[in-house]
Structure formats: structure tokens, C-alpha cells
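Here is the structure we will look at.
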Amino acid sequence: RPFLAILTAFLAVDAASFVTWHWPAAGNVIFVTAFVVALALAALRYELLVLFFIAELFVGSQGGALLAWDANGPSEISLRLALFLVMIGAGVGRWRQWYRFLVEARLLFPLAALSAAVAMGVGIGIFRGNPLGDVFFDANAYLYLVAFPVIAFVMTDPAFRPRTATVLAAAVAAGALKAGFVFFIFSHRLFSWARPIYFWIRDSRTGEITATVGDFYRVFFQSFLFALVLLFPLFLLRICGQRGGKTHEALLVACAFVMLLSLSRSFWFGGLVAAVLLVVLLALGRAPLIVWRRLF
């Protein structure tokens, strides 16, 4: 039930995003509604606010502009940025708790070293005379490192991890349905639909659609990265004999489907490296013969 509810919510967000591309005023109303919900979660259930933020990352792709205030306008504010600011602002009082967690988990030094490397890169960029605006817009994505202690700490809650897995599975399923629909529209030359869909996906920075050969189109969403993340746990469960029912099988097919449809060499190379490491780990773990048969 949670999986189907979240899947429906993701598809509704896509539909709302498409509507707001035509009527930006409606987008502002939806943005404000989502922002009010985030504020309510910050006050009542902070862990659900963090899950809300993670869910947007799973489906928002590159720009996080699936839903935004003044979309494609001069004062555009993405929902991702709004959720980030609410999550960090509402969690200011928890910083000591997060700091102790980082120390105990031995994560403080690696995070500090990475932050120092980012700061050094910013300093070098300024020292070499690059415009401050260029430096900022090149480095601002690293501000999301601030969210790392929040997410890592919430992940220590045993009840939170399965919720995150459910959201991830629903996001991948929604992405596969969306990609399949887009592919059908373009490959069947339904251009009255294809034109607005193309511009909506391009303007919201959620993906790319490219003509290849004949009626085959490459449909690539940056969020397909999470399908690659989900593919290996599902595959590992499968070869270990835990089928998990029809939903499990459908998710495995969805992951493979978007990996092929994306025509992404980066995803394929990453998947190949992960597959080799999976074989190594099975060998080191002395997997029984039945696992190797299923793997083959």
C-alpha cells in the first residue's frame, strides 16, 4: 500500500509539473502548497521532511525544477532548494546532536576533508580572476554537503531505512512508466503530444530526448542513476532465492528497461564495474553453487 500510494504521488507530481509548464500561475499555487506541507512536517515529523527532501532528489533529476516558483522566470526558486532551506533551518537546534553522531561514526574527518577541498577549489577560482558569479554557480551544488549529516543521522533510525527503500522503489517505477510513455509518444510519431512533452522535459531539466535511428528515440533522465542503484540489491536478492513476488520482478524489469532506454555509457560502465565487484564479493563470501547457477 505505501509503495502504490507513493508511486501515485510521484505520477501526480509529474502531471502537475506538466500542467504548470502551460500555466505558470498554477505552478506557484502548487509550490506554495508543497512549501506549507514542508513547514508542517518540520514542526511535527522532522524525519518525514527529510524523506520528502530525499524523494524529490530521487525524481527531480538535474535541476530540481520539476516544481518551482516562477518556473523559468527571473525569480525561479525550485522546490528542491525550498525543501533544503526548510530542512536545514528547522534542524539548526539539532547541530550538536549531529556533530556527536559524525564524531562517533568517524565521519567528521572525511566530511571536513571534502569540505576543505571544495573551499580550496573556490579559493583557486577566485585567485585566478574568475568572476564571483561564475565561481558561485560552479560551486553552489556543493552546499548540499550541509545535508549530509542530516540524512546520515536520520538513516540510523531502523524504521527510516525501509521507508527510504520504498520511496526509492516507487521513484524508479514512476521513472520507468514516465520514460515508457514518452518513448511511446515519440516512436509512434504522435507529434502533437511530443512537442509540448519535449519542451516540458527540457525546460524542467529532468531529462533529454534524442532521435537516434528510425523511430527509436533515446529517453534519458538523470534520475535513472537511482535505477542503477536499485538494480543490484534486487538482482542480489533474486540470485539468493528471495523472489519477493511480482512487484520485485516488475521493479527488476523496470531497472533494466530504463538502463537500456537511456543509452547512457556512463550508467553502463558503472553497472559493468559494479557487476565485476558483485562477482568478487560473491567469491570472497564463498557463495554456494546454487547462487552461481542463478547468477549465470
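Quick note on naming: the chains in the C-alpha cells go A, B, ... in the order shown, residues restart at 1 in each chain, and ligands are numbered from 1 in order of appearance.
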Q: From a DSSP calculation on the backbone, collect every residue of range 21-221 of chain A in alpha helix (DSSP H) and output the set as a PyMOL selection string.
A: chain A and resi 21-22+24-44+46-60+79-90+95-104+108-127+132-139+148-154+160-187+191-203
Next, write the just-selected residues to a file, as a compact mmCIF listing (two decimals), in the first residue's frame, keeping C-alpha atoms as the atom set.
# COMPACT_ATOMS: atom_id res chain seq x y z
CA TRP A 21 4.59 24.34 -17.68
CA HIS A 22 1.48 25.55 -19.55
CA PRO A 24 2.89 29.03 -14.51
CA ALA A 25 0.39 30.60 -12.09
CA ALA A 26 -0.85 27.11 -11.19
CA GLY A 27 2.78 26.16 -10.51
CA ASN A 28 3.07 28.91 -7.92
CA VAL A 29 -0.02 27.59 -6.11
CA ILE A 30 1.35 24.03 -6.10
CA PHE A 31 4.77 25.26 -4.96
CA VAL A 32 3.25 27.18 -2.03
CA THR A 33 1.16 24.13 -1.08
CA ALA A 34 4.23 21.88 -1.05
CA PHE A 35 6.17 24.50 0.91
CA VAL A 36 3.42 24.70 3.56
CA VAL A 37 3.42 20.89 3.83
CA ALA A 38 7.21 21.01 4.35
CA LEU A 39 6.82 23.58 7.12
CA ALA A 40 4.18 21.42 8.81
CA LEU A 41 6.44 18.35 8.63
CA ALA A 42 9.33 20.38 10.04
CA ALA A 43 7.22 21.17 13.09
CA LEU A 44 5.51 17.80 13.54
CA TYR A 46 11.06 16.12 11.02
CA GLU A 47 12.11 12.70 9.72
CA LEU A 48 9.27 12.81 7.18
CA LEU A 49 10.53 16.20 5.99
CA VAL A 50 13.92 14.58 5.36
CA LEU A 51 12.16 11.77 3.47
CA PHE A 52 10.29 14.42 1.43
CA PHE A 53 13.63 16.00 0.53
CA ILE A 54 15.13 12.63 -0.47
CA ALA A 55 12.05 11.76 -2.53
CA GLU A 56 12.44 14.94 -4.57
CA LEU A 57 16.09 14.07 -5.25
CA PHE A 58 15.02 10.63 -6.50
CA VAL A 59 12.71 12.07 -9.18
CA GLY A 60 13.81 15.69 -9.69
CA LEU A 79 11.12 23.04 -4.76
CA ARG A 80 14.41 21.26 -4.04
CA LEU A 81 16.01 24.48 -2.82
CA ALA A 82 12.94 25.33 -0.74
CA LEU A 83 12.93 21.90 0.93
CA PHE A 84 16.68 22.17 1.57
CA LEU A 85 16.31 25.54 3.29
CA VAL A 86 13.38 24.36 5.43
CA MET A 87 15.17 21.14 6.40
CA ILE A 88 18.40 22.90 7.38
CA GLY A 89 16.63 25.85 9.02
CA ALA A 90 14.35 23.64 11.10
CA TRP A 95 23.51 20.51 15.17
CA ARG A 96 25.13 19.36 18.41
CA GLN A 97 23.38 16.03 18.12
CA TRP A 98 24.50 15.67 14.50
CA TYR A 99 28.06 16.68 15.42
CA ARG A 100 28.27 13.95 18.09
CA PHE A 101 26.92 11.47 15.58
CA LEU A 102 29.59 12.38 12.99
CA VAL A 103 32.31 12.01 15.60
CA GLU A 104 31.04 8.64 16.87
CA LEU A 108 33.61 14.06 10.71
CA PHE A 109 37.16 13.98 9.33
CA PRO A 110 36.21 12.71 5.82
CA LEU A 111 33.44 15.31 5.59
CA ALA A 112 35.77 18.06 6.78
CA ALA A 113 38.48 16.98 4.30
CA LEU A 114 36.00 17.04 1.41
CA SER A 115 34.67 20.45 2.50
CA ALA A 116 38.25 21.77 2.69
CA ALA A 117 38.91 20.54 -0.85
CA VAL A 118 35.79 22.36 -2.07
CA ALA A 119 36.85 25.53 -0.24
CA MET A 120 40.31 25.29 -1.79
CA GLY A 121 38.76 24.97 -5.26
CA VAL A 122 36.64 28.07 -4.64
CA GLY A 123 39.72 29.96 -3.43
CA ILE A 124 41.72 28.97 -6.52
CA GLY A 125 38.85 30.03 -8.77
CA ILE A 126 38.72 33.48 -7.16
CA PHE A 127 42.52 33.84 -7.07
CA LEU A 132 32.48 35.76 -8.49
CA GLY A 133 29.17 34.85 -10.13
CA ASP A 134 30.82 32.10 -12.19
CA VAL A 135 32.62 30.74 -9.13
CA PHE A 136 29.43 30.68 -7.08
CA PHE A 137 27.29 28.95 -9.72
CA ASP A 138 30.06 26.41 -10.28
CA ALA A 139 30.41 25.62 -6.58
CA PHE A 148 24.82 15.01 4.64
CA PRO A 149 24.82 14.98 8.48
CA VAL A 150 21.04 15.31 8.48
CA ILE A 151 20.40 12.40 6.14
CA ALA A 152 23.13 10.19 7.63
CA PHE A 153 21.79 10.72 11.15
CA VAL A 154 18.17 10.01 10.20
CA PHE A 160 13.56 5.10 8.40
CA ARG A 161 15.61 2.86 6.12
CA PRO A 162 12.74 0.68 4.82
CA ARG A 163 10.71 3.84 4.21
CA THR A 164 13.56 5.20 2.11
CA ALA A 165 13.76 1.91 0.20
CA THR A 166 10.03 2.08 -0.54
CA VAL A 167 10.34 5.66 -1.79
CA LEU A 168 13.33 4.67 -3.96
CA ALA A 169 11.44 1.74 -5.47
CA ALA A 170 8.39 3.91 -6.18
CA ALA A 171 10.57 6.62 -7.74
CA VAL A 172 12.22 4.11 -10.08
CA ALA A 173 8.85 2.64 -11.04
CA ALA A 174 7.45 6.12 -11.73
CA GLY A 175 10.51 6.96 -13.84
CA ALA A 176 10.11 3.78 -15.88
CA LEU A 177 6.41 4.48 -16.52
CA LYS A 178 7.18 8.06 -17.49
CA ALA A 179 10.03 7.02 -19.79
CA GLY A 180 7.90 4.30 -21.40
CA PHE A 181 5.08 6.78 -22.03
CA VAL A 182 7.47 9.34 -23.55
CA PHE A 183 9.12 6.68 -25.71
CA PHE A 184 5.71 5.50 -26.96
CA ILE A 185 4.66 9.05 -27.89
CA PHE A 186 7.83 9.76 -29.87
CA SER A 187 8.31 6.36 -31.51
CA PHE A 191 3.97 14.85 -32.57
CA SER A 192 1.01 16.91 -31.33
CA TRP A 193 1.84 15.41 -27.93
CA ALA A 194 5.56 15.05 -28.48
CA ARG A 195 6.29 18.75 -28.94
CA PRO A 196 4.92 20.00 -25.58
CA ILE A 197 6.33 16.96 -23.75
CA TYR A 198 9.78 17.61 -25.20
CA PHE A 199 9.80 21.26 -24.18
CA TRP A 200 8.42 20.43 -20.72
CA ILE A 201 11.17 17.87 -20.06
CA ARG A 202 13.82 20.21 -21.45
CA ASP A 203 12.68 23.29 -19.52
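Excluding Leu282 in chain A itself and any same-chain residue fewer than 4 positions from it, the protein and nucleic acid residues within 12 Å of it, counting only C-alpha atoms, are Leu236, Ile239, Cys240, Ala275, Val276, Leu277, Leu278, Arg286, Ala287, Pro288, Leu289, Ile290, Val291, Trp292 and Leu295 of chain A.
The shortest atom-to-atom distance to Arg238 in chain A, with only C-alpha atoms taken into account, belongs to A:Arg293 out of A:Ala283, A:Arg265, A:Tyr217, A:Arg293.
Taking only C-alpha atoms into account, His248 in chain A lies nearest to A:Pro233 out of the set A:Pro131, A:Pro2, A:Gly214, A:Pro233.
All residues of protein, DNA or RNA that reach within 12 Å of Val273 in chain A, judged by only C-alpha atoms and not counting those fewer than 6 positions away in the chain, are Leu228, Phe232, Ser266, Phe267, Val279 and Val280 of chain A.
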Residues of the last selection are to be written out with N, CA, C and O atoms, as a short mmCIF file (atom, residue, chain, number, x, y, z; two decimals), in the first residue's frame.
data_model
loop_
_atom_site.label_atom_id
_atom_site.label_comp_id
_atom_site.auth_asym_id
_atom_site.auth_seq_id
_atom_site.Cartn_x
_atom_site.Cartn_y
_atom_site.Cartn_z
N LEU A 228 19.90 2.33 -11.35
CA LEU A 228 21.13 1.54 -11.31
C LEU A 228 21.47 1.16 -9.86
O LEU A 228 21.93 0.05 -9.59
N PHE A 232 21.03 -3.57 -8.36
CA PHE A 232 21.91 -4.61 -7.80
C PHE A 232 21.36 -5.25 -6.53
O PHE A 232 21.47 -6.48 -6.39
N SER A 266 27.79 6.06 -19.43
CA SER A 266 28.23 6.24 -18.04
C SER A 266 27.55 5.23 -17.12
O SER A 266 28.19 4.59 -16.28
N PHE A 267 26.22 5.10 -17.28
CA PHE A 267 25.49 4.14 -16.45
C PHE A 267 25.94 2.71 -16.77
O PHE A 267 26.09 1.87 -15.87
N VAL A 279 30.59 -10.09 -8.45
CA VAL A 279 31.16 -11.43 -8.61
C VAL A 279 32.30 -11.65 -7.61
O VAL A 279 32.42 -12.71 -6.99
N VAL A 280 33.15 -10.62 -7.44
CA VAL A 280 34.26 -10.72 -6.49
C VAL A 280 33.74 -10.92 -5.07
O VAL A 280 34.24 -11.77 -4.31
#
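Look at Arg218 in chain A: the protein and nucleic acid residues within 6 Å of it, using only C-alpha atoms and passing over chain neighbours fewer than 3 places away, are Ile209, Thr210 and Ser262 of chain A.
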Q.
For the structure I just gave you, how does DSSP split range 112-220 of chain A - specifically, which residues are strand (DSSP E)? Reply as number ranges by chain.
A. A: 207-211, 217-220
(Q) Let me make sure I understand: among A:Arg94, A:Phe220, A:Asp157, A:Ile6, which one has the smallest atom-to-atom distance to Thr206 in chain A if we use only C-alpha atoms? (A) A:Phe220
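When only C-alpha atoms are used to measure the gap to Gly241 in chain A, the shortest distance among A:Tyr142, A:Leu7, A:Arg294, A:Trp268 belongs to A:Arg294.
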